[in-house]
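Reading through the structure tokens given below for one structure.
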Amino acid sequence: MKIQIPAEGILKTNEWGDTKTYRVACECSNTDCDHNVWIEADDTQVTVNIYTTTRTNFWSKTRWQHIWTLLRKGYIDTESTICLSEQSAFNYAHTLLSAIEDVKEFKQERKKKSATVKLAEQGDCA
């Protein structure tokens with residue numbers, strides 16, 4: 001299997017230096033199932049956030065049972081599913097790996113620039 005560019009099921013939606021965003025499309029073509037993936041770098045780590053439309057098992061309990069669960073546990077159980085073809089899943093995995101490398105590279109460049117500025121400031125003070 002080969003990586004596709006442009007990739008089946010993957011849409012790059014934005015890029016801001018240390019952040020890249022993608023939409024991963026579900027095979028069912030319902031946009032409610034899509035995953036919106038944000039890959040961000042900061043000074044200490046790379047963060048991958050996946051935003052989805054989640055579903056709860058609301059109708060399986062009464063409203064009071066949901067309220068009691070929320071008060072007792074602090075959250076309501078939800079779930080999200082995305083159906084991908086083998087090629088889309090392969091592209092998704094490669095997109096994550098590629099974006100993580102890109103934002104790590106951006107982070108390293110930012111550190112180098114910061115170190116250069118600090119050295120220049122120290123040189124100005126001497």
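By order of appearance in the structure tokens: chains A, B, ..., then residues from 1 within every chain, and ligands from 1 in the order shown.
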Counting only C-alpha atoms, which residues of range 55-105 of chain A fall within 12 Å of range 24-43 of chain A, and what is the closest atom pair for each with its distance in Å at one decimal, ordered by chain and rising number, as a tab-separated table?
residue	atom	partner	partner_atom	distance
A:Arg55	CA	A:Asp32	CA	10.0
A:Glu79	CA	A:Cys33	CA	10.7
A:Ser80	CA	A:Cys33	CA	7.3
A:Thr81	CA	A:Cys33	CA	6.7
A:Ile82	CA	A:Cys26	CA	5.3
A:Cys83	CA	A:Cys26	CA	5.2
A:Leu84	CA	A:Glu27	CA	5.5
A:Ser85	CA	A:Glu27	CA	7.0
A:Glu86	CA	A:Glu27	CA	10.7
A:Gln87	CA	A:Glu27	CA	11.2
A:Ser88	CA	A:Val24	CA	8.5
A:Ala89	CA	A:Val24	CA	9.4
A:Phe90	CA	A:Val24	CA	11.7
A:Asn91	CA	A:Val24	CA	9.6
A:Tyr92	CA	A:Val24	CA	7.3
A:Ala93	CA	A:Val24	CA	10.7
A:Thr95	CA	A:Val24	CA	10.0
A:Leu96	CA	A:Ile39	CA	7.9
A:Leu97	CA	A:Ile39	CA	10.1
A:Ser98	CA	A:Ile39	CA	10.3
A:Ala99	CA	A:Ile39	CA	6.8
A:Ile100	CA	A:Ile39	CA	6.7
A:Glu101	CA	A:Ala41	CA	9.9
A:Asp102	CA	A:Ala41	CA	9.3
A:Val103	CA	A:Ala41	CA	5.5
A:Lys104	CA	A:Ala41	CA	6.3
A:Glu105	CA	A:Ala41	CA	9.2
Using the selection just defined, write its residues with C-alpha atoms as a JSON list (two decimals), in the first residue's frame.
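The resulting selection.json:
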[["chain", "number", "residue", "atom", "x", "y", "z"],
["A", 55, "ARG", "CA", -23.25, 10.44, 20.93],
["A", 79, "GLU", "CA", -18.65, 7.63, 22.08],
["A", 80, "SER", "CA", -17.51, 8.40, 18.57],
["A", 81, "THR", "CA", -16.91, 6.03, 15.68],
["A", 82, "ILE", "CA", -15.29, 6.61, 12.30],
["A", 83, "CYS", "CA", -15.36, 4.03, 9.51],
["A", 84, "LEU", "CA", -12.32, 4.11, 7.22],
["A", 85, "SER", "CA", -11.24, 2.09, 4.24],
["A", 86, "GLU", "CA", -7.86, 0.42, 4.55],
["A", 87, "GLN", "CA", -6.32, 3.14, 2.36],
["A", 88, "SER", "CA", -7.93, 5.95, 4.39],
["A", 89, "ALA", "CA", -6.72, 4.42, 7.66],
["A", 90, "PHE", "CA", -3.21, 4.12, 6.22],
["A", 91, "ASN", "CA", -3.34, 7.75, 5.04],
["A", 92, "TYR", "CA", -4.65, 8.86, 8.47],
["A", 93, "ALA", "CA", -1.76, 7.18, 10.25],
["A", 95, "THR", "CA", -0.78, 12.11, 8.13],
["A", 96, "LEU", "CA", -0.43, 12.01, 11.91],
["A", 97, "LEU", "CA", 3.20, 10.90, 11.70],
["A", 98, "SER", "CA", 4.04, 13.50, 9.07],
["A", 99, "ALA", "CA", 2.31, 16.37, 10.89],
["A", 100, "ILE", "CA", 3.96, 15.45, 14.19],
["A", 101, "GLU", "CA", 7.38, 15.54, 12.51],
["A", 102, "ASP", "CA", 6.57, 18.90, 10.90],
["A", 103, "VAL", "CA", 5.47, 20.55, 14.15],
["A", 104, "LYS", "CA", 8.45, 19.07, 16.04],
["A", 105, "GLU", "CA", 10.72, 20.57, 13.39]]
Discussion item. Need the shell around range 60-66 of chain A: protein/DNA/RNA residues with any atom at most 10 Å away, counting only C-alpha atoms. Skip same-chain ones fewer than 6 positions apart. Format as a ChimeraX atom specification?
Written reply: /A:72,75-77
Discussion item. Counting only C-alpha atoms, which residue out of A:Gln108, A:Gln122, A:Thr13, A:Thr78 sits closest to Thr54 in chain A?
Written reply: A:Thr78
Discussion item. Using DSSP assignments from the backbone, pull out every residue in range 18-79 of chain A that falls under strand (DSSP E) and give it to me as JSON, numbers by chain.
Written reply: {"A": [19, 20, 21, 22, 23, 24, 35, 36, 37, 38, 39, 40, 41, 46, 47, 48, 49, 50, 51, 55, 56, 78, 79]}
Worksheet item: To one decimal place, how far is CA of Glu8 in chain A from CA of Lys20 in chain A in Å?
Response: 17.8 Å
Practice prompt. Identify all residues of range 5-117 of chain A in helix (DSSP H, G or I) (DSSP on the backbone) and supply them as a PyMOL selection string.
Written response: chain A and resi 31-33+58-60+63-73+86-117
Worksheet entry | Pick from A:Thr69, A:Asn49, A:Asn14, A:Thr44 nearest to Lys111 in chain A, counting only C-alpha atoms |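 Distance minimum relative to Lys111 in chain A lands on A:Thr44.
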Worksheet entry | Nearest-residue call for Val46 in chain A, choices A:Asp18, A:Pro6, A:Ala120, A:Glu109, using only C-alpha atoms |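 Using only C-alpha atoms, the shortest distance to Val46 in chain A belongs to A:Asp18.
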